[in-house]
file final21.cif (mmCIF, C-alpha atoms and all ligand atoms)
data_run
loop_
_atom_site.label_atom_id
_atom_site.label_comp_id
_atom_site.auth_asym_id
_atom_site.auth_seq_id
_atom_site.Cartn_x
_atom_site.Cartn_y
_atom_site.Cartn_z
CA MET A 1 5.37 21.35 -0.41
CA LEU A 2 5.06 17.88 1.05
CA LEU A 3 7.55 15.34 -0.22
CA ARG A 4 4.58 13.29 -1.25
CA ASN A 5 3.42 16.05 -3.53
CA ARG A 6 6.93 16.56 -4.75
CA LEU A 7 6.99 12.92 -5.70
CA LEU A 8 3.72 13.33 -7.50
CA PHE A 9 4.98 16.35 -9.35
CA ARG A 10 8.35 14.86 -10.16
CA ASN A 11 6.80 11.65 -11.23
CA LEU A 12 4.37 13.31 -13.54
CA THR A 13 6.84 15.80 -14.89
CA SER A 14 9.28 13.04 -15.73
CA PHE A 15 6.98 12.31 -18.61
CA LEU A 16 7.10 15.78 -19.92
CA PRO A 17 7.54 17.50 -22.31
CA SER A 18 3.92 17.21 -23.14
CA PRO A 19 1.41 17.52 -24.69
CA SER A 20 2.79 15.21 -27.32
CA PRO A 21 3.42 12.42 -27.19
CA PRO A 22 1.29 11.45 -24.20
CA PRO A 23 2.99 9.68 -21.30
CA LYS A 24 3.38 5.95 -21.46
CA SER A 25 2.52 5.47 -17.84
CA VAL A 26 2.36 7.26 -14.57
CA SER A 27 3.01 5.34 -11.44
CA PHE A 28 3.01 5.62 -7.67
CA ILE A 29 0.28 8.14 -7.58
CA LEU A 30 -3.31 7.30 -7.25
CA SER A 31 -5.57 9.76 -8.87
CA PHE A 32 -8.91 9.88 -7.24
CA ASN A 33 -11.72 10.93 -9.53
CA LYS A 34 -12.58 13.90 -7.41
CA THR A 35 -9.04 15.20 -6.93
CA ILE A 36 -7.71 18.11 -8.89
CA ALA A 37 -4.15 16.89 -9.29
CA TYR A 38 -4.23 16.69 -13.02
CA SER A 39 -6.35 19.69 -13.72
CA THR A 40 -4.25 21.83 -11.38
CA HIS A 41 -0.98 20.98 -13.00
CA LYS A 42 -2.47 20.69 -16.47
CA LEU A 43 -0.65 17.42 -16.88
CA PRO A 44 -1.74 14.57 -19.06
CA LYS A 45 -3.71 11.72 -17.60
CA PRO A 46 -1.99 8.45 -16.85
CA GLN A 47 -2.40 5.67 -19.28
CA VAL A 48 -4.21 2.72 -17.83
CA VAL A 49 -2.37 -0.42 -18.71
CA ALA A 50 -4.37 -3.58 -19.03
CA ILE A 51 -2.77 -6.79 -20.14
CA ARG A 52 -3.58 -10.43 -19.94
CA ALA A 53 -1.78 -12.09 -17.08
CA THR A 54 -1.87 -15.68 -18.16
CA LYS A 55 1.51 -16.98 -17.06
CA GLN A 56 1.29 -16.13 -13.40
CA PRO A 57 0.21 -19.19 -11.47
CA ILE A 58 -1.27 -17.26 -8.56
CA LEU A 59 -3.11 -14.88 -10.79
CA GLU A 60 -4.38 -17.85 -12.70
CA GLY A 61 -5.64 -19.26 -9.44
CA ALA A 62 -7.29 -15.96 -8.70
CA ARG A 63 -8.84 -16.03 -12.16
CA PHE A 64 -8.34 -12.43 -13.01
CA ALA A 65 -8.78 -12.40 -16.74
CA LYS A 66 -7.25 -8.98 -16.89
CA THR A 67 -5.46 -6.86 -14.40
CA VAL A 68 -4.70 -3.19 -14.35
CA LEU A 69 -1.02 -2.94 -13.74
CA PHE A 70 1.01 -0.75 -11.48
CA VAL A 71 3.94 0.32 -13.65
CA PRO A 72 6.80 1.79 -11.62
CA PRO A 73 9.13 4.60 -12.66
CA GLY A 74 11.73 3.61 -15.21
CA VAL A 75 9.49 1.13 -16.99
CA ASP A 76 7.75 1.80 -20.26
CA SER A 77 4.34 0.17 -20.15
CA GLU A 78 4.83 -1.09 -23.68
CA ASP A 79 7.84 -3.10 -22.53
CA VAL A 80 6.02 -4.92 -19.73
CA THR A 81 6.02 -8.70 -20.03
CA ASP A 82 4.29 -11.26 -17.84
CA GLU A 83 7.63 -12.16 -16.26
CA MET A 84 7.99 -8.64 -14.87
CA ILE A 85 4.76 -8.89 -12.87
CA LEU A 86 5.20 -9.95 -9.27
CA PRO A 87 3.18 -13.14 -8.69
CA GLY A 88 -0.15 -12.62 -6.99
CA SER A 89 -0.21 -8.91 -7.66
CA ASN A 90 -0.62 -6.24 -10.31
CA ILE A 91 2.85 -4.87 -9.58
CA VAL A 92 5.48 -4.60 -12.27
CA LEU A 93 9.06 -4.89 -11.11
CA GLY A 94 11.26 -2.09 -12.41
CA PRO A 95 14.86 -0.92 -12.22
CA TYR A 96 14.43 0.67 -8.80
CA ALA A 97 13.84 -2.69 -7.13
CA SER A 98 16.89 -3.86 -5.22
CA HIS A 99 18.05 -5.63 -2.12
CA SER A 100 14.94 -6.03 -0.06
CA GLN A 101 15.60 -8.51 2.73
CA ILE A 102 15.27 -7.35 6.30
CA LYS A 103 18.49 -7.92 8.26
CA GLU A 104 17.71 -6.01 11.39
CA VAL A 105 14.80 -4.23 12.90
CA GLU A 106 14.57 -2.20 16.05
CA PHE A 107 11.68 -0.57 17.84
CA VAL A 108 12.33 3.16 17.98
CA LYS A 109 9.38 4.81 19.66
CA SER A 110 5.66 5.11 20.15
CA SER A 111 4.13 8.49 19.40
CA GLY A 112 0.80 9.95 20.36
CA ARG A 113 0.86 12.65 17.71
CA ALA A 114 2.31 13.04 14.24
CA LYS A 115 4.62 15.76 15.44
CA ASP A 116 6.15 13.43 18.01
CA CYS A 117 7.25 10.92 15.36
CA PRO A 118 10.95 10.50 14.46
CA LYS A 119 12.32 13.51 12.63
CA ASP A 120 15.20 11.96 10.70
CA ASN A 121 13.24 12.00 7.46
CA ARG A 122 13.91 8.37 6.59
CA PRO A 123 11.30 6.92 4.23
CA GLU A 124 8.48 5.07 5.89
CA PHE A 125 5.56 2.77 5.13
CA ALA A 126 2.50 2.88 7.33
CA ILE A 127 0.61 -0.35 7.91
CA LEU A 128 -3.07 0.16 8.36
CA GLY A 129 -6.11 -2.03 8.58
CA ARG A 130 -9.16 -3.16 10.43
CA SER A 131 -8.67 -4.78 13.78
CA ASN A 132 -8.10 -8.53 13.25
CA VAL A 133 -7.13 -8.10 9.60
CA GLY A 134 -3.78 -9.77 10.31
CA LYS A 135 -1.61 -6.69 10.78
CA SER A 136 0.55 -8.07 13.58
CA SER A 137 0.92 -11.36 11.77
CA LEU A 138 2.02 -9.62 8.60
CA ILE A 139 4.56 -7.47 10.43
CA ASN A 140 5.88 -10.64 12.08
CA ALA A 141 6.12 -12.35 8.73
CA LEU A 142 7.90 -9.40 7.14
CA VAL A 143 10.51 -8.88 9.83
CA ARG A 144 10.57 -12.50 11.06
CA LYS A 145 10.69 -11.34 14.64
CA LYS A 146 7.78 -11.97 16.92
CA GLU A 147 8.69 -9.31 19.45
CA VAL A 148 8.16 -6.53 16.93
CA ALA A 149 4.48 -7.14 16.50
CA LEU A 150 4.18 -7.99 20.17
CA THR A 151 5.40 -4.49 20.95
CA SER A 152 2.51 -3.08 18.98
CA LYS A 153 0.05 -5.26 20.85
CA LYS A 154 1.22 -4.22 24.30
CA PRO A 155 -1.48 -2.51 26.31
CA GLY A 156 -1.14 1.20 25.89
CA LYS A 157 0.68 0.93 22.56
CA THR A 158 -2.13 -0.19 20.33
CA GLN A 159 -3.51 3.32 19.98
CA LEU A 160 -0.12 4.85 19.23
CA ILE A 161 2.01 5.31 16.14
CA ASN A 162 4.80 2.74 16.52
CA HIS A 163 8.01 3.23 14.53
CA PHE A 164 10.30 0.30 13.71
CA LEU A 165 13.62 1.04 12.04
CA VAL A 166 14.58 -1.51 9.40
CA ASN A 167 18.20 -2.02 8.30
CA LYS A 168 18.92 1.36 9.86
CA SER A 169 17.50 2.99 6.76
CA TRP A 170 13.70 2.95 6.61
CA TYR A 171 10.69 2.60 8.85
CA ILE A 172 7.75 0.29 9.17
CA VAL A 173 5.07 2.23 10.99
CA ASP A 174 2.35 0.36 12.81
CA LEU A 175 -0.82 2.41 13.08
CA PRO A 176 -3.80 1.74 15.33
CA GLY A 177 -6.30 -0.69 13.86
CA TYR A 178 -9.67 0.71 12.94
CA GLY A 179 -13.24 -0.55 12.99
CA PHE A 180 -13.40 -2.34 16.30
CA ALA A 181 -16.69 -4.15 16.17
CA LYS A 182 -17.87 -2.67 19.42
CA ALA A 183 -16.31 0.77 19.10
CA SER A 184 -18.70 3.64 19.38
CA ASP A 185 -18.91 6.28 16.69
CA THR A 186 -17.04 8.59 19.03
CA ALA A 187 -14.16 6.14 19.30
CA ARG A 188 -13.99 5.89 15.54
CA THR A 189 -13.92 9.65 15.22
CA ASP A 190 -11.08 9.85 17.71
CA TRP A 191 -9.16 7.35 15.65
CA SER A 192 -9.88 9.38 12.55
CA SER A 193 -8.61 12.70 13.82
CA PHE A 194 -5.55 11.10 15.37
CA THR A 195 -4.57 9.08 12.33
CA LYS A 196 -5.62 11.66 9.78
CA GLY A 197 -3.19 14.07 11.41
CA TYR A 198 -0.42 11.58 10.76
CA PHE A 199 -1.35 11.03 7.11
CA LEU A 200 -1.77 14.69 6.30
CA ASN A 201 1.39 15.90 8.01
CA ARG A 202 3.95 13.14 7.62
CA GLU A 203 6.33 14.24 4.90
CA SER A 204 8.41 11.07 4.87
CA LEU A 205 5.44 8.75 4.32
CA VAL A 206 6.18 6.90 1.08
CA ALA A 207 2.99 4.85 1.00
CA VAL A 208 0.30 3.29 3.14
CA LEU A 209 -0.06 -0.47 3.09
CA LEU A 210 -3.79 -0.87 3.51
CA LEU A 211 -4.51 -4.40 4.68
CA ILE A 212 -7.69 -6.02 3.43
CA ASP A 213 -8.91 -9.39 4.69
CA ALA A 214 -9.44 -11.45 1.55
CA SER A 215 -11.43 -14.07 3.42
CA VAL A 216 -14.43 -11.76 3.87
CA PRO A 217 -16.47 -9.72 1.37
CA PRO A 218 -15.54 -6.02 0.91
CA GLN A 219 -16.22 -4.03 4.05
CA LYS A 220 -17.57 -0.51 3.90
CA ILE A 221 -15.09 0.74 6.47
CA ASP A 222 -12.16 -0.46 4.33
CA LEU A 223 -13.61 1.16 1.24
CA ASP A 224 -14.21 4.39 3.16
CA CYS A 225 -10.63 4.34 4.37
CA ALA A 226 -9.24 3.68 0.87
CA ASN A 227 -11.38 6.43 -0.55
CA TRP A 228 -10.29 8.91 2.09
CA LEU A 229 -6.62 8.16 1.39
CA GLY A 230 -7.25 8.46 -2.33
CA ARG A 231 -9.05 11.77 -1.99
CA ASN A 232 -6.06 13.10 -0.08
CA ASN A 233 -3.57 11.87 -2.66
CA ILE A 234 -1.88 9.53 -0.24
CA PRO A 235 -0.27 6.68 -2.16
CA MET A 236 -1.37 3.24 -1.04
CA THR A 237 -0.91 -0.42 -1.77
CA PHE A 238 -3.70 -2.88 -1.06
CA VAL A 239 -2.28 -5.86 0.78
CA PHE A 240 -4.80 -8.69 0.77
CA THR A 241 -4.27 -10.86 3.85
CA LYS A 242 -5.19 -14.47 4.71
CA CYS A 243 -4.86 -15.63 1.12
CA ASP A 244 -4.04 -19.15 2.31
CA LYS A 245 -7.71 -19.65 3.00
CA MET A 246 -8.22 -20.49 -0.66
CA LYS A 247 -9.25 -24.12 -0.44
CA ALA A 248 -10.00 -25.83 -3.74
CA SER A 249 -13.72 -26.00 -3.10
CA LYS A 250 -13.94 -22.48 -1.77
CA GLY A 251 -11.38 -20.93 -4.09
CA LYS A 252 -14.00 -18.90 -5.84
CA ARG A 253 -14.98 -17.22 -2.64
CA LEU A 254 -11.57 -15.66 -2.06
CA ASP A 255 -11.32 -14.69 -5.71
CA GLU A 256 -14.69 -13.07 -5.53
CA ASN A 257 -13.84 -11.07 -2.44
CA ILE A 258 -10.67 -9.71 -3.99
CA ARG A 259 -12.30 -9.03 -7.32
CA ASP A 260 -15.32 -7.38 -5.73
CA PHE A 261 -13.08 -5.10 -3.70
CA GLN A 262 -11.11 -4.15 -6.80
CA GLU A 263 -14.29 -3.46 -8.73
CA LEU A 264 -15.57 -1.15 -6.01
CA ILE A 265 -12.25 0.66 -5.88
CA ARG A 266 -12.04 0.93 -9.64
CA GLU A 267 -15.14 3.12 -9.61
CA ASN A 268 -13.19 5.81 -7.79
CA TYR A 269 -9.73 5.70 -9.29
CA LYS A 270 -8.44 6.64 -12.67
CA GLN A 271 -5.41 4.50 -12.02
CA HIS A 272 -5.74 1.36 -9.98
CA PRO A 273 -3.49 1.20 -6.90
CA PRO A 274 -0.91 -1.54 -6.59
CA TRP A 275 -2.23 -4.64 -4.86
CA ILE A 276 -0.75 -7.90 -3.67
CA MET A 277 -1.97 -11.16 -2.15
CA THR A 278 -0.29 -12.33 1.06
CA SER A 279 -0.51 -14.97 3.72
CA SER A 280 1.33 -14.84 7.00
CA VAL A 281 0.71 -18.57 7.39
CA THR A 282 2.35 -19.73 4.16
CA GLY A 283 4.60 -16.74 3.50
CA LEU A 284 2.81 -16.04 0.23
CA GLY A 285 3.67 -12.60 -1.10
CA ARG A 286 6.27 -11.76 1.55
CA ASP A 287 9.33 -11.46 -0.68
CA GLU A 288 7.26 -9.86 -3.42
CA LEU A 289 5.94 -7.22 -1.03
CA LEU A 290 9.47 -6.46 0.16
CA LEU A 291 10.61 -6.04 -3.44
CA HIS A 292 7.71 -3.71 -4.09
CA LEU A 293 8.64 -1.64 -1.04
CA SER A 294 12.26 -1.51 -2.21
CA GLN A 295 11.35 0.03 -5.51
CA LEU A 296 9.07 2.60 -3.93
CA ARG A 297 11.77 3.42 -1.38
CA ASN A 298 14.66 3.64 -3.82
CA TYR A 299 12.73 5.93 -6.08
CA TRP A 300 11.86 8.07 -3.09
CA ASP A 301 15.48 8.13 -1.91
CA GLN A 302 17.07 9.21 -5.15
P1 LIG A 401 -4.42 -7.69 13.93
O1 LIG A 401 -5.47 -7.46 14.97
O2 LIG A 401 -4.73 -7.00 12.67
O3 LIG A 401 -3.02 -7.43 14.40
O4 LIG A 401 -4.51 -9.26 13.54
P2 LIG A 401 -3.65 -10.51 14.01
O5 LIG A 401 -2.33 -10.53 13.29
O6 LIG A 401 -3.61 -10.57 15.48
O7 LIG A 401 -4.51 -11.70 13.40
C1 LIG A 401 -5.89 -11.83 13.71
C2 LIG A 401 -6.30 -13.29 13.50
O8 LIG A 401 -6.15 -13.66 12.14
C3 LIG A 401 -5.42 -14.26 14.28
O9 LIG A 401 -6.25 -15.31 14.75
C4 LIG A 401 -4.44 -14.77 13.27
O10 LIG A 401 -3.95 -16.06 13.57
C5 LIG A 401 -5.26 -14.76 11.99
N1 LIG A 401 -4.43 -14.53 10.81
C6 LIG A 401 -3.59 -13.50 10.61
N2 LIG A 401 -2.97 -13.60 9.42
C7 LIG A 401 -3.41 -14.74 8.85
C8 LIG A 401 -3.16 -15.41 7.61
O11 LIG A 401 -2.36 -14.99 6.76
N3 LIG A 401 -3.86 -16.57 7.37
C9 LIG A 401 -4.74 -17.08 8.27
N4 LIG A 401 -5.36 -18.20 7.93
N5 LIG A 401 -5.02 -16.47 9.45
C10 LIG A 401 -4.37 -15.33 9.74
#

call {"tool": "encode", "arguments": {"input": "final21.cif", "output": "structure tokens"}}
result
Amino acid sequence: MLLRNRLLFRNLTSFLPSPSPPPKSVSFILSFNKTIAYSTHKLPKPQVVAIRATKQPILEGARFAKTVLFVPPGVDSEDVTDEMILPGSNIVLGPYASHSQIKEVEFVKSSGRAKDCPKDNRPEFAILGRSNVGKSSLINALVRKKEVALTSKKPGKTQLINHFLVNKSWYIVDLPGYGFAKASDTARTDWSSFTKGYFLNRESLVAVLLLIDASVPPQKIDLDCANWLGRNNIPMTFVFTKCDKMKASKGKRLDENIRDFQELIRENYKQHPPWIMTSSVTGLGRDELLLHLSQLRNYWDQ
């Protein structure tokens, strides 16, 4: 059984015994409407938690009247307060969050196939997104080292799976960007089979960070990608990039893009994935994203 599935099972079963009372919340796992995760295991459905997020300045700016929260393990949804929600996100901070700063990062290897990737079973986060979404900039901002993202941009490396070891304990994995404007359908298919192999076979993949450019309206290719990951029960976090582009006069535009994307995603998920707003220019969301990764990682590690 894949670790990912083990996590799903363990996570769900931690709320047992069921059927009564029903679970307070189920986290980490995205349940796609068409998946059979719940029916297969005969486990109760997750409770969708919706609360008013009025005290978060960034959320206020984004004008989300309500947000569907991502409640991590160890937190009872009834105990969630506004202060526990990471600013500019729907992510609740729980007891598994810990030290999250990046002290050192080293490039380990580039792999052409999933089976060539490092085999030390350290937890990893894959960073995925459309070409030009701001992937390299985000990686730079996270690790605060320009050469890391430069490595990924070197000719010959952009179509490979690049592993970076962080604090000698976990990996950031840079995946090839998708949706090149001029790419032929064949090129897209090649990307699909290559990257799908990684997603479907990588046991130590904790979650995919799917980068979405908040400065443009929802793109079909991003929605297709999110839906494919969801259908295959691969946990993901939506990382909205370029959120500094929210000028006062155009603020609504960015809000609308993010909200529209969420609405389109909501149609397909029983439980909304975690999401967070970031900017590599201002540093918005950086520390919050690292905290989020720490709680996913620590839960995975235990
Ligand atoms: P990649 O192709 O996904 O690796 O994207 P890059 O990181 O190379 O960024 C593509 C373009 O978007 C560059 O011109 C960046 O300067 C710009 N960009 C990336 N992140 C941000 C951001 O947070 N805010 C703004 N305003 N521009 C960004």

call {"tool": "axis_aligned_box", "arguments": {"input": "final21.cif", "around": "ligand LIG 401 (chain A)", "padding_each_side": "4 Å", "output": "lines of an AutoDock Vina configuration file"}}
result
center_x = -4.3
center_y = -12.6
center_z = 11.1
size_x = 12.0
size_y = 19.2
size_z = 16.7

call {"tool": "closest_residue", "arguments": {"input": "final21.cif", "among": "A:Asn167, A:Ile258, A:Asp224, A:Thr237", "to": "Gln101 of chain A", "atoms": "all atoms listed in the file"}}
result
A:Asn167

call {"tool": "closest_residue", "arguments": {"input": "final21.cif", "among": "A:Met236, A:Ala114, A:Val133, A:Val108", "to": "ligand LIG 401 (chain A)", "atoms": "only C-alpha atoms and all ligand atoms"}}
result
A:Val133

call {"tool": "closest_atom_pairs", "arguments": {"input": "final21.cif", "of": "chain A", "to": "ligand LIG 401 (chain A)", "cutoff": "10 Å", "atoms": "all atoms listed in the file", "output": "Markdown table"}}
result
| residue | atom | partner | partner_atom | distance |
| --- | --- | --- | --- | --- |
| A:Ile127 | CA | A:LIG401 | O2 | 9.8 |
| A:Leu128 | CA | A:LIG401 | O2 | 8.5 |
| A:Gly129 | CA | A:LIG401 | O2 | 6.6 |
| A:Arg130 | CA | A:LIG401 | O2 | 6.3 |
| A:Ser131 | CA | A:LIG401 | O1 | 4.3 |
| A:Asn132 | CA | A:LIG401 | O1 | 3.3 |
| A:Val133 | CA | A:LIG401 | O2 | 4.0 |
| A:Gly134 | CA | A:LIG401 | O4 | 3.4 |
| A:Lys135 | CA | A:LIG401 | O2 | 3.7 |
| A:Ser136 | CA | A:LIG401 | O3 | 3.7 |
| A:Ser137 | CA | A:LIG401 | O5 | 3.7 |
| A:Leu138 | CA | A:LIG401 | N2 | 6.4 |
| A:Ile139 | CA | A:LIG401 | O5 | 8.1 |
| A:Asn140 | CA | A:LIG401 | O5 | 8.3 |
| A:Ala141 | CA | A:LIG401 | O11 | 9.1 |
| A:Ala149 | CA | A:LIG401 | O3 | 7.8 |
| A:Leu150 | CA | A:LIG401 | O3 | 9.2 |
| A:Ser152 | CA | A:LIG401 | O3 | 8.4 |
| A:Lys153 | CA | A:LIG401 | O3 | 7.5 |
| A:Thr158 | CA | A:LIG401 | O3 | 9.4 |
| A:Asp174 | CA | A:LIG401 | O3 | 9.6 |
| A:Pro176 | CA | A:LIG401 | O2 | 9.2 |
| A:Gly177 | CA | A:LIG401 | O2 | 6.6 |
| A:Tyr178 | CA | A:LIG401 | O2 | 9.2 |
| A:Phe180 | CA | A:LIG401 | O1 | 9.5 |
| A:Leu211 | CA | A:LIG401 | O2 | 8.4 |
| A:Ile212 | CA | A:LIG401 | O2 | 9.8 |
| A:Asp213 | CA | A:LIG401 | N2 | 8.7 |
| A:Ala214 | CA | A:LIG401 | O11 | 9.5 |
| A:Ser215 | CA | A:LIG401 | N4 | 8.6 |
| A:Phe240 | CA | A:LIG401 | O11 | 9.0 |
| A:Thr241 | CA | A:LIG401 | O11 | 5.4 |
| A:Lys242 | CA | A:LIG401 | O11 | 3.5 |
| A:Cys243 | CA | A:LIG401 | O11 | 6.2 |
| A:Asp244 | CA | A:LIG401 | N3 | 5.7 |
| A:Lys245 | CA | A:LIG401 | N4 | 5.7 |
| A:Met246 | CA | A:LIG401 | N4 | 9.3 |
| A:Met277 | CA | A:LIG401 | O11 | 9.7 |
| A:Thr278 | CA | A:LIG401 | O11 | 6.6 |
| A:Ser279 | CA | A:LIG401 | O11 | 3.6 |
| A:Ser280 | CA | A:LIG401 | O11 | 3.7 |
| A:Val281 | CA | A:LIG401 | O11 | 4.8 |
| A:Thr282 | CA | A:LIG401 | O11 | 7.2 |
| A:Gly283 | CA | A:LIG401 | O11 | 7.9 |
| A:Leu284 | CA | A:LIG401 | O11 | 8.4 |

call {"tool": "write_last_selection", "arguments": {"input": "final21.cif", "atoms": "C-alpha atoms", "output": "PDB file, in the frame of the given file"}}
result
ATOM      1  CA  ILE A 127       0.610  -0.350   7.910  1.00  0.00           C
ATOM      2  CA  LEU A 128      -3.070   0.160   8.360  1.00  0.00           C
ATOM      3  CA  GLY A 129      -6.110  -2.030   8.580  1.00  0.00           C
ATOM      4  CA  ARG A 130      -9.160  -3.160  10.430  1.00  0.00           C
ATOM      5  CA  SER A 131      -8.670  -4.780  13.780  1.00  0.00           C
ATOM      6  CA  ASN A 132      -8.100  -8.530  13.250  1.00  0.00           C
ATOM      7  CA  VAL A 133      -7.130  -8.100   9.600  1.00  0.00           C
ATOM      8  CA  GLY A 134      -3.780  -9.770  10.310  1.00  0.00           C
ATOM      9  CA  LYS A 135      -1.610  -6.690  10.780  1.00  0.00           C
ATOM     10  CA  SER A 136       0.550  -8.070  13.580  1.00  0.00           C
ATOM     11  CA  SER A 137       0.920 -11.360  11.770  1.00  0.00           C
ATOM     12  CA  LEU A 138       2.020  -9.620   8.600  1.00  0.00           C
ATOM     13  CA  ILE A 139       4.560  -7.470  10.430  1.00  0.00           C
ATOM     14  CA  ASN A 140       5.880 -10.640  12.080  1.00  0.00           C
ATOM     15  CA  ALA A 141       6.120 -12.350   8.730  1.00  0.00           C
ATOM     16  CA  ALA A 149       4.480  -7.140  16.500  1.00  0.00           C
ATOM     17  CA  LEU A 150       4.180  -7.990  20.170  1.00  0.00           C
ATOM     18  CA  SER A 152       2.510  -3.080  18.980  1.00  0.00           C
ATOM     19  CA  LYS A 153       0.050  -5.260  20.850  1.00  0.00           C
ATOM     20  CA  THR A 158      -2.130  -0.190  20.330  1.00  0.00           C
ATOM     21  CA  ASP A 174       2.350   0.360  12.810  1.00  0.00           C
ATOM     22  CA  PRO A 176      -3.800   1.740  15.330  1.00  0.00           C
ATOM     23  CA  GLY A 177      -6.300  -0.690  13.860  1.00  0.00           C
ATOM     24  CA  TYR A 178      -9.670   0.710  12.940  1.00  0.00           C
ATOM     25  CA  PHE A 180     -13.400  -2.340  16.300  1.00  0.00           C
ATOM     26  CA  LEU A 211      -4.510  -4.400   4.680  1.00  0.00           C
ATOM     27  CA  ILE A 212      -7.690  -6.020   3.430  1.00  0.00           C
ATOM     28  CA  ASP A 213      -8.910  -9.390   4.690  1.00  0.00           C
ATOM     29  CA  ALA A 214      -9.440 -11.450   1.550  1.00  0.00           C
ATOM     30  CA  SER A 215     -11.430 -14.070   3.420  1.00  0.00           C
ATOM     31  CA  PHE A 240      -4.800  -8.690   0.770  1.00  0.00           C
ATOM     32  CA  THR A 241      -4.270 -10.860   3.850  1.00  0.00           C
ATOM     33  CA  LYS A 242      -5.190 -14.470   4.710  1.00  0.00           C
ATOM     34  CA  CYS A 243      -4.860 -15.630   1.120  1.00  0.00           C
ATOM     35  CA  ASP A 244      -4.040 -19.150   2.310  1.00  0.00           C
ATOM     36  CA  LYS A 245      -7.710 -19.650   3.000  1.00  0.00           C
ATOM     37  CA  MET A 246      -8.220 -20.490  -0.660  1.00  0.00           C
ATOM     38  CA  MET A 277      -1.970 -11.160  -2.150  1.00  0.00           C
ATOM     39  CA  THR A 278      -0.290 -12.330   1.060  1.00  0.00           C
ATOM     40  CA  SER A 279      -0.510 -14.970   3.720  1.00  0.00           C
ATOM     41  CA  SER A 280       1.330 -14.840   7.000  1.00  0.00           C
ATOM     42  CA  VAL A 281       0.710 -18.570   7.390  1.00  0.00           C
ATOM     43  CA  THR A 282       2.350 -19.730   4.160  1.00  0.00           C
ATOM     44  CA  GLY A 283       4.600 -16.740   3.500  1.00  0.00           C
ATOM     45  CA  LEU A 284       2.810 -16.040   0.230  1.00  0.00           C
TER      46      LEU A 284
END

call {"tool": "atom_distance", "arguments": {"input": "final21.cif", "atom1": "atom CA of Asn232 of chain A", "atom2": "atom CA of Ser98 of chain A"}}
result
29.0 Å

call {"tool": "residues_near_point", "arguments": {"input": "final21.cif", "point": "(-13.3, -15.1, 2.5)", "cutoff": "7 Å", "atoms": "all atoms listed in the file", "output": "PDB file with C-alpha atoms, keeping the file's coordinate frame"}}
result
ATOM      1  CA  ALA A 214      -9.440 -11.450   1.550  1.00  0.00           C
ATOM      2  CA  SER A 215     -11.430 -14.070   3.420  1.00  0.00           C
ATOM      3  CA  VAL A 216     -14.430 -11.760   3.870  1.00  0.00           C
ATOM      4  CA  PRO A 217     -16.470  -9.720   1.370  1.00  0.00           C
ATOM      5  CA  ARG A 253     -14.980 -17.220  -2.640  1.00  0.00           C
ATOM      6  CA  LEU A 254     -11.570 -15.660  -2.060  1.00  0.00           C
ATOM      7  CA  ASN A 257     -13.840 -11.070  -2.440  1.00  0.00           C
TER       8      ASN A 257
END

call {"tool": "atom_distance", "arguments": {"input": "final21.cif", "atom1": "atom CA of Ala226 of chain A", "atom2": "atom CA of Val71 of chain A"}}
result
19.9 Å

call {"tool": "closest_residue", "arguments": {"input": "final21.cif", "among": "A:Gly112, A:Gly179, A:Pro274, A:Pro123", "to": "Leu93 of chain A", "atoms": "all atoms listed in the file"}}
result
A:Pro274

call {"tool": "residues_around", "arguments": {"input": "final21.cif", "residues": "Ile265 of chain A", "least_positions_apart": "5", "cutoff": "10 Å", "atoms": "only C-alpha atoms", "output": "VMD selection string"}}
result
chain A and resid 32 223 to 224 226 to 227 230 259 to 260 270 to 273
